[in-house]
$ cat coords-v3.txt   # compact mmCIF, C-alpha atoms
# COMPACT_ATOMS: atom_id res chain seq x y z
CA MET A 259 2.76 2.89 -20.75
CA THR A 260 6.31 2.77 -19.51
CA TYR A 261 7.99 5.23 -17.18
CA ASP A 262 11.65 6.02 -16.66
CA TYR A 263 12.48 6.14 -12.97
CA THR A 264 16.20 5.59 -13.40
CA GLY A 265 18.09 7.20 -10.53
CA ARG A 266 14.99 7.29 -8.37
CA VAL A 267 14.41 5.36 -5.15
CA ALA A 268 11.16 3.66 -4.15
CA LEU A 269 10.36 2.50 -0.63
CA ILE A 270 7.55 -0.01 -0.09
CA THR A 271 6.12 -1.45 3.13
CA GLY A 272 4.46 -4.84 2.94
CA GLY A 273 6.63 -5.66 -0.06
CA GLY A 274 6.94 -9.38 0.64
CA SER A 275 3.86 -10.46 -1.29
CA GLY A 276 0.70 -9.35 -3.05
CA LEU A 277 0.32 -5.72 -4.00
CA GLY A 278 3.59 -4.65 -2.41
CA ARG A 279 5.60 -7.19 -4.37
CA ALA A 280 3.90 -6.27 -7.66
CA ILE A 281 4.56 -2.58 -7.03
CA ALA A 282 8.21 -3.30 -6.20
CA TYR A 283 8.63 -5.23 -9.46
CA ALA A 284 6.98 -2.43 -11.43
CA TYR A 285 9.28 0.25 -10.01
CA ALA A 286 12.31 -1.93 -10.71
CA ALA A 287 11.14 -2.49 -14.28
CA CYS A 288 11.05 1.30 -14.64
CA GLY A 289 14.65 1.57 -13.46
CA ALA A 290 14.18 2.62 -9.83
CA ALA A 291 16.17 1.27 -6.91
CA VAL A 292 13.72 -0.45 -4.59
CA ALA A 293 13.71 -0.92 -0.82
CA VAL A 294 11.08 -3.28 0.56
CA SER A 295 10.13 -4.18 4.08
CA ASP A 296 7.77 -6.78 5.46
CA ILE A 297 7.14 -8.53 8.73
CA ASN A 298 7.79 -11.68 6.69
CA GLN A 299 11.55 -11.57 6.23
CA GLU A 300 11.63 -14.38 3.68
CA GLY A 301 8.99 -12.70 1.54
CA ALA A 302 10.81 -9.37 1.52
CA ALA A 303 14.11 -11.06 0.72
CA GLU A 304 12.54 -12.98 -2.15
CA THR A 305 11.11 -9.80 -3.65
CA ALA A 306 14.47 -8.03 -3.47
CA GLN A 307 16.43 -11.01 -4.77
CA THR A 308 14.14 -11.38 -7.78
CA ILE A 309 14.80 -7.74 -8.67
CA ILE A 310 18.55 -8.18 -8.20
CA ASP A 311 18.57 -11.35 -10.32
CA LYS A 312 17.01 -9.34 -13.15
CA GLY A 313 19.76 -6.73 -12.93
CA GLY A 314 17.97 -4.26 -10.68
CA GLN A 315 18.97 -2.66 -7.40
CA ALA A 316 17.04 -3.63 -4.28
CA SER A 317 17.25 -4.13 -0.54
CA ALA A 318 15.03 -5.93 1.95
CA ALA A 319 14.37 -5.62 5.66
CA GLN A 320 12.15 -7.25 8.23
CA VAL A 321 10.05 -4.48 9.78
CA ASP A 322 6.84 -4.54 11.81
CA VAL A 323 5.11 -1.26 10.96
CA VAL A 324 3.50 -1.26 14.41
CA ASP A 325 6.97 -0.60 15.84
CA ARG A 326 7.44 3.14 15.37
CA ALA A 327 11.16 3.10 16.16
CA ALA A 328 11.79 0.20 13.78
CA VAL A 329 10.00 1.98 10.94
CA ALA A 330 11.98 5.17 11.52
CA ALA A 331 15.27 3.26 11.65
CA TRP A 332 14.50 1.43 8.41
CA VAL A 333 13.40 4.54 6.49
CA ASN A 334 16.50 6.40 7.66
CA ASP A 335 18.69 3.44 6.69
CA VAL A 336 17.17 3.42 3.20
CA HIS A 337 17.85 7.14 2.93
CA GLN A 338 21.45 6.74 4.01
CA THR A 339 21.99 3.79 1.68
CA PHE A 340 20.49 5.26 -1.46
CA GLY A 341 20.87 8.98 -0.76
CA ARG A 342 17.23 9.88 -1.35
CA ILE A 343 13.66 8.59 -1.28
CA ASP A 344 11.51 9.63 -4.22
CA PHE A 345 8.52 7.34 -3.84
CA ALA A 346 7.03 5.85 -0.68
CA ILE A 347 4.24 3.30 -0.88
CA ASN A 348 2.68 2.65 2.51
CA ASN A 349 1.10 -0.68 1.75
CA ALA A 350 1.46 -2.95 4.79
CA GLY A 351 -1.91 -4.10 6.06
CA ILE A 352 -4.07 -6.97 7.25
CA GLU A 353 -7.73 -7.84 6.73
CA GLY A 354 -8.68 -8.97 10.23
CA ASP A 355 -11.65 -11.35 10.38
CA MET A 356 -12.82 -11.06 6.79
CA MET A 357 -16.64 -10.92 6.62
CA SER A 358 -16.86 -12.95 9.83
CA HIS A 359 -18.48 -11.05 12.70
CA ARG A 360 -20.84 -8.24 13.54
CA LEU A 361 -19.21 -5.63 15.73
CA ALA A 362 -20.48 -6.88 19.09
CA ASP A 363 -19.25 -10.39 18.28
CA ALA A 364 -15.90 -9.38 16.87
CA SER A 365 -12.60 -9.83 18.70
CA TYR A 366 -11.45 -6.59 20.31
CA ASP A 367 -7.87 -7.82 20.13
CA MET A 368 -8.28 -8.28 16.38
CA TYR A 369 -9.75 -4.78 16.07
CA ARG A 370 -6.74 -3.32 17.86
CA ARG A 371 -4.34 -5.34 15.70
CA VAL A 372 -6.01 -4.16 12.48
CA MET A 373 -5.89 -0.54 13.59
CA ASP A 374 -2.29 -0.86 14.78
CA ILE A 375 -1.07 -2.15 11.43
CA ASN A 376 -3.38 -0.45 8.94
CA VAL A 377 -3.59 2.98 10.58
CA ASN A 378 -0.68 3.37 12.97
CA GLY A 379 1.61 1.68 10.46
CA VAL A 380 0.78 4.35 7.87
CA TRP A 381 1.22 7.07 10.50
CA HIS A 382 4.62 5.74 11.54
CA SER A 383 5.72 5.51 7.91
CA LEU A 384 4.62 9.05 7.10
CA GLU A 385 6.38 10.39 10.20
CA ALA A 386 9.66 8.99 8.94
CA GLU A 387 9.22 9.71 5.21
CA LEU A 388 7.97 13.29 5.26
CA PRO A 389 11.04 15.02 6.79
CA ILE A 390 13.30 13.35 4.23
CA MET A 391 11.13 14.39 1.30
CA GLU A 392 10.65 17.88 2.70
CA ALA A 393 14.43 18.31 2.89
CA GLN A 394 14.69 17.13 -0.73
CA GLY A 395 11.94 19.50 -1.79
CA GLU A 396 10.04 16.76 -3.57
CA GLY A 397 8.54 13.31 -3.25
CA VAL A 398 5.52 11.16 -3.91
CA ILE A 399 3.70 9.17 -1.23
CA ILE A 400 0.89 6.73 -1.97
CA ASN A 401 -1.04 5.15 0.87
CA VAL A 402 -2.74 1.88 0.00
CA ALA A 403 -6.32 2.20 1.25
CA SER A 404 -9.26 0.23 -0.15
CA ILE A 405 -12.80 0.63 -1.39
CA ALA A 406 -13.51 -0.44 2.20
CA GLY A 407 -12.46 3.11 3.06
CA LEU A 408 -15.32 4.48 0.98
CA VAL A 409 -18.21 2.11 1.64
CA ALA A 410 -19.57 -0.08 4.42
CA VAL A 411 -18.12 -3.53 4.99
CA PRO A 412 -20.68 -5.53 6.98
CA ARG A 413 -19.09 -8.07 9.32
CA ASN A 414 -15.68 -6.45 9.16
CA ALA A 415 -16.08 -3.04 10.79
CA ALA A 416 -12.45 -3.04 11.94
CA TYR A 417 -11.10 -3.20 8.39
CA ALA A 418 -13.56 -0.58 7.16
CA ALA A 419 -12.65 1.73 10.04
CA SER A 420 -8.94 1.34 9.35
CA LYS A 421 -9.21 2.14 5.66
CA HIS A 422 -11.54 5.10 6.25
CA ALA A 423 -8.84 6.39 8.61
CA VAL A 424 -6.13 5.96 5.98
CA ILE A 425 -8.14 8.07 3.55
CA GLY A 426 -8.68 10.76 6.18
CA ILE A 427 -4.99 10.87 6.97
CA THR A 428 -4.12 10.98 3.27
CA LYS A 429 -6.37 13.93 2.46
CA THR A 430 -5.23 15.91 5.48
CA VAL A 431 -1.50 15.35 5.12
CA ALA A 432 -1.71 15.98 1.37
CA LEU A 433 -2.86 19.52 2.05
CA GLU A 434 -0.24 20.03 4.75
CA TYR A 435 2.65 19.13 2.43
CA VAL A 436 1.62 19.99 -1.12
CA ARG A 437 3.46 23.31 -0.98
CA LYS A 438 6.57 21.49 0.17
CA GLY A 439 6.76 19.69 -3.16
CA ILE A 440 5.33 16.42 -1.81
CA ARG A 441 2.33 14.84 -3.49
CA ILE A 442 0.33 12.49 -1.30
CA ASN A 443 -2.52 10.33 -2.57
CA ALA A 444 -4.21 7.03 -1.82
CA ILE A 445 -5.18 4.15 -4.03
CA CYS A 446 -8.35 2.22 -3.22
CA PRO A 447 -8.26 -1.26 -4.73
CA GLY A 448 -11.28 -3.51 -4.74
CA PHE A 449 -11.06 -7.27 -4.49
CA THR A 450 -7.65 -8.14 -5.92
CA ASP A 451 -6.06 -11.56 -6.34
CA THR A 452 -3.67 -11.37 -3.40
CA PRO A 453 -2.98 -13.77 -0.52
CA MET A 454 -5.28 -11.62 1.65
CA VAL A 455 -8.29 -12.06 -0.62
CA ARG A 456 -7.43 -15.66 -1.41
CA ARG A 457 -7.70 -16.53 2.27
CA GLY A 458 -11.35 -15.49 2.21
CA ILE A 459 -12.13 -17.12 -1.14
CA ASP A 460 -10.49 -20.43 -0.33
CA HIS A 461 -12.17 -20.56 3.08
CA ASP A 462 -15.75 -20.03 1.86
CA GLU A 463 -17.02 -21.12 -1.57
CA VAL A 464 -20.30 -19.27 -1.13
CA PHE A 465 -18.41 -16.07 -0.28
CA ALA A 466 -16.25 -16.54 -3.37
CA LYS A 467 -19.27 -16.82 -5.69
CA ARG A 468 -20.97 -13.80 -4.15
CA LEU A 469 -17.80 -11.80 -4.36
CA LEU A 470 -17.33 -12.38 -8.09
CA ALA A 471 -21.01 -11.81 -8.78
CA GLY A 472 -20.74 -8.41 -7.11
CA ILE A 473 -17.91 -7.21 -9.36
CA PRO A 474 -19.28 -5.68 -12.58
CA ALA A 475 -16.06 -6.61 -14.42
CA ARG A 476 -16.66 -10.23 -13.32
CA ARG A 477 -13.09 -10.84 -12.29
CA LEU A 478 -10.73 -10.14 -9.46
CA GLY A 479 -8.22 -7.36 -9.93
CA ARG A 480 -4.64 -8.35 -10.63
CA PRO A 481 -1.82 -7.04 -8.45
CA GLU A 482 -0.33 -5.75 -11.70
CA ASP A 483 -3.44 -3.61 -12.26
CA VAL A 484 -2.66 -1.78 -9.04
CA ALA A 485 1.09 -1.62 -9.70
CA GLU A 486 0.60 -0.09 -13.15
CA THR A 487 -1.72 2.54 -11.70
CA VAL A 488 0.82 3.36 -8.99
CA MET A 489 3.42 3.92 -11.71
CA TYR A 490 1.14 6.53 -13.26
CA MET A 491 0.38 8.14 -9.91
CA SER A 492 4.14 8.43 -9.35
CA SER A 493 4.73 10.14 -12.67
CA LYS A 494 4.81 13.77 -13.76
CA GLY A 495 1.61 13.04 -15.65
CA ALA A 496 -0.13 12.92 -12.28
CA SER A 497 1.51 16.10 -10.97
CA PHE A 498 -1.85 17.78 -10.31
CA MET A 499 -3.25 14.80 -8.38
CA VAL A 500 -3.20 15.76 -4.69
CA GLY A 501 -5.17 14.22 -1.84
CA GLU A 502 -6.97 11.91 -4.24
CA CYS A 503 -8.31 8.45 -3.45
CA LEU A 504 -8.14 6.61 -6.76
CA VAL A 505 -10.59 3.72 -6.99
CA LEU A 506 -9.57 0.55 -8.85
CA ASP A 507 -12.31 -2.00 -8.28
CA GLY A 508 -13.81 -3.31 -11.53
CA GLY A 509 -16.89 -1.11 -11.15
CA ILE A 510 -18.05 -1.95 -7.62
CA HIS A 511 -18.06 1.61 -6.34
CA ALA A 512 -19.82 2.89 -9.48
CA ALA A 513 -22.66 0.38 -9.31

$ encode --input "coords-v3.txt" --output "structure tokens"
Amino acid sequence: MTYDYTGRVALITGGGSGLGRAIAYAYAACGAAVAVSDINQEGAAETAQTIIDKGGQASAAQVDVVDRAAVAAWVNDVHQTFGRIDFAINNAGIEGDMMSHRLADASYDMYRRVMDINVNGVWHSLEAELPIMEAQGEGVIINVASIAGLVAVPRNAAYAASKHAVIGITKTVALEYVRKGIRINAICPGFTDTPMVRRGIDHDEVFAKRLLAGIPARRLGRPEDVAETVMYMSSKGASFMVGECLVLDGGIHAA
């Protein structure tokens, strides 16, 4: 399906690669102006430039979502530049030590870093986005969680904790703002072919084989799978979807 988001503005954190980049491209293909941020300035700039080269409208900024003031400044700058924010995709995140350590052996510094980015980063983004959308009387926010927010993830408790928290925040804030015209949901991808997952696969051949064997669809998800679903979740066709955590995992959660 195709959607017409001409005249709309989409804001995406973690837009310098992986899911964020695919989502940015999808919005641009639907006619939206796109603002991306990433801690990786080159990645964000490449995403925006690709959209511009194809005739779209885009901007890029280097933002660390851990920095509350920086997030607020960027979101407000996007609002001032484009005049509105219709869609906000809070996607920035890290995996921590993927499948590496039991809790007592894990790095506490890594745990704090995962929580800072994956949870506080979403919080900071919502803080800045919600007043703008409330003033508009409408908006769509999608937080990128994970199936790790719905099931256990042995040897990566930090990541599981962070994504469970994102789902809890999503459900709660969705109910707080639904009567303000703002729809808030989460998407829960499974193992998707992104740089994050590739780091684990390329590091451990045994892990890679077990991973694929555990996916009923017998393949990794594509970033485009997630992006296309986000386009639907952003549309009027999903207008009754509120506080939902949409799973996209090739059958893992159903098994």

$ closest_residue --input "coords-v3.txt" --among "A:Glu396, A:Glu434, A:Asp462, A:Glu300" --to "Ser358 of chain A" --atoms "only C-alpha atoms"
A:Asp462

$ residues_around --input "coords-v3.txt" --residues "segment 269-276 of chain A" --least-positions-apart "5" --cutoff "9 Å" --atoms "all atoms listed in the file" --output "NGL selection string"
:A and (281-282 or 291-306 or 318 or 321 or 323 or 333 or 336 or 343-351 or 383 or 450-454 or 481)

$ closest_residue --input "coords-v3.txt" --among "A:Ala444, A:Ala418, A:Leu388, A:Ala328" --to "Cys503 of chain A" --atoms "all atoms listed in the file"
A:Ala444

$ atom_distance --input "coords-v3.txt" --atom1 "atom CA of Glu463 of chain A" --atom2 "atom CA of Val402 of chain A"
27.1 Å

$ closest_residue --input "coords-v3.txt" --among "A:Asp483, A:Asp262, A:Glu392, A:Glu502" --to "Ile427 of chain A" --atoms "only C-alpha atoms"
A:Glu502

$ decode --input "coords-v3.txt" --residues "segment 367-439 of chain A" --atoms "C-alpha atoms" --output "PDB file, in the first residue's frame"
ATOM      1  CA  ASP A 367      28.017   0.738  33.374  1.00  0.00           C
ATOM      2  CA  MET A 368      26.592  -0.971  30.294  1.00  0.00           C
ATOM      3  CA  TYR A 369      23.257  -1.472  32.074  1.00  0.00           C
ATOM      4  CA  ARG A 370      23.095   2.236  32.881  1.00  0.00           C
ATOM      5  CA  ARG A 371      24.038   3.167  29.315  1.00  0.00           C
ATOM      6  CA  VAL A 372      21.317   0.922  27.852  1.00  0.00           C
ATOM      7  CA  MET A 373      18.698   2.363  30.180  1.00  0.00           C
ATOM      8  CA  ASP A 374      19.859   5.928  29.545  1.00  0.00           C
ATOM      9  CA  ILE A 375      19.488   5.602  25.781  1.00  0.00           C
ATOM     10  CA  ASN A 376      16.614   3.161  25.388  1.00  0.00           C
ATOM     11  CA  VAL A 377      14.384   4.418  28.205  1.00  0.00           C
ATOM     12  CA  ASN A 378      15.437   7.941  29.119  1.00  0.00           C
ATOM     13  CA  GLY A 379      15.909   8.752  25.440  1.00  0.00           C
ATOM     14  CA  VAL A 380      12.270   7.870  24.760  1.00  0.00           C
ATOM     15  CA  TRP A 381      11.186   9.850  27.826  1.00  0.00           C
ATOM     16  CA  HIS A 382      13.140  12.916  26.736  1.00  0.00           C
ATOM     17  CA  SER A 383      11.703  12.676  23.229  1.00  0.00           C
ATOM     18  CA  LEU A 384       8.124  12.362  24.458  1.00  0.00           C
ATOM     19  CA  GLU A 385       8.587  15.325  26.809  1.00  0.00           C
ATOM     20  CA  ALA A 386       9.498  17.517  23.859  1.00  0.00           C
ATOM     21  CA  GLU A 387       7.046  16.103  21.290  1.00  0.00           C
ATOM     22  CA  LEU A 388       3.833  15.940  23.301  1.00  0.00           C
ATOM     23  CA  PRO A 389       3.314  19.686  23.988  1.00  0.00           C
ATOM     24  CA  ILE A 390       3.749  20.459  20.291  1.00  0.00           C
ATOM     25  CA  MET A 391       1.243  17.826  19.218  1.00  0.00           C
ATOM     26  CA  GLU A 392      -1.176  18.779  21.974  1.00  0.00           C
ATOM     27  CA  ALA A 393      -1.129  22.377  20.750  1.00  0.00           C
ATOM     28  CA  GLN A 394      -1.809  21.122  17.211  1.00  0.00           C
ATOM     29  CA  GLY A 395      -4.626  18.922  18.443  1.00  0.00           C
ATOM     30  CA  GLU A 396      -3.257  15.885  16.657  1.00  0.00           C
ATOM     31  CA  GLY A 397      -0.215  13.709  16.127  1.00  0.00           C
ATOM     32  CA  VAL A 398       1.089  10.178  15.967  1.00  0.00           C
ATOM     33  CA  ILE A 399       3.949   8.860  18.086  1.00  0.00           C
ATOM     34  CA  ILE A 400       5.476   5.419  17.650  1.00  0.00           C
ATOM     35  CA  ASN A 401       8.054   4.168  20.115  1.00  0.00           C
ATOM     36  CA  VAL A 402      10.347   1.462  18.788  1.00  0.00           C
ATOM     37  CA  ALA A 403      10.356  -1.289  21.399  1.00  0.00           C
ATOM     38  CA  SER A 404      11.151  -4.941  20.666  1.00  0.00           C
ATOM     39  CA  ILE A 405       9.900  -8.442  21.281  1.00  0.00           C
ATOM     40  CA  ALA A 406      12.487  -8.220  24.065  1.00  0.00           C
ATOM     41  CA  GLY A 407       9.897  -6.037  25.776  1.00  0.00           C
ATOM     42  CA  LEU A 408       7.448  -8.937  25.814  1.00  0.00           C
ATOM     43  CA  VAL A 409       9.591 -11.978  26.578  1.00  0.00           C
ATOM     44  CA  ALA A 410      12.714 -12.895  28.520  1.00  0.00           C
ATOM     45  CA  VAL A 411      16.133 -12.316  26.983  1.00  0.00           C
ATOM     46  CA  PRO A 412      18.603 -14.535  28.845  1.00  0.00           C
ATOM     47  CA  ARG A 413      22.084 -13.011  29.068  1.00  0.00           C
ATOM     48  CA  ASN A 414      20.883  -9.540  28.195  1.00  0.00           C
ATOM     49  CA  ALA A 415      18.656  -8.458  31.075  1.00  0.00           C
ATOM     50  CA  ALA A 416      19.516  -4.795  30.517  1.00  0.00           C
ATOM     51  CA  TYR A 417      18.083  -4.760  27.004  1.00  0.00           C
ATOM     52  CA  ALA A 418      14.984  -6.690  28.081  1.00  0.00           C
ATOM     53  CA  ALA A 419      14.425  -4.312  30.991  1.00  0.00           C
ATOM     54  CA  SER A 420      14.757  -1.275  28.746  1.00  0.00           C
ATOM     55  CA  LYS A 421      12.273  -2.500  26.171  1.00  0.00           C
ATOM     56  CA  HIS A 422       9.761  -3.634  28.811  1.00  0.00           C
ATOM     57  CA  ALA A 423      10.003  -0.076  30.147  1.00  0.00           C
ATOM     58  CA  VAL A 424       9.353   1.423  26.711  1.00  0.00           C
ATOM     59  CA  ILE A 425       6.174  -0.629  26.416  1.00  0.00           C
ATOM     60  CA  GLY A 426       5.036   0.457  29.876  1.00  0.00           C
ATOM     61  CA  ILE A 427       5.643   4.092  29.047  1.00  0.00           C
ATOM     62  CA  THR A 428       3.850   3.712  25.714  1.00  0.00           C
ATOM     63  CA  LYS A 429       0.690   2.193  27.180  1.00  0.00           C
ATOM     64  CA  THR A 430       0.497   4.745  29.976  1.00  0.00           C
ATOM     65  CA  VAL A 431       1.146   7.857  27.924  1.00  0.00           C
ATOM     66  CA  ALA A 432      -1.218   6.623  25.205  1.00  0.00           C
ATOM     67  CA  LEU A 433      -4.086   6.745  27.674  1.00  0.00           C
ATOM     68  CA  GLU A 434      -3.017  10.135  29.007  1.00  0.00           C
ATOM     69  CA  TYR A 435      -3.091  11.767  25.561  1.00  0.00           C
ATOM     70  CA  VAL A 436      -5.629   9.906  23.434  1.00  0.00           C
ATOM     71  CA  ARG A 437      -8.307  12.518  24.140  1.00  0.00           C
ATOM     72  CA  LYS A 438      -5.888  15.223  23.056  1.00  0.00           C
ATOM     73  CA  GLY A 439      -5.896  13.828  19.529  1.00  0.00           C
TER      74      GLY A 439
END
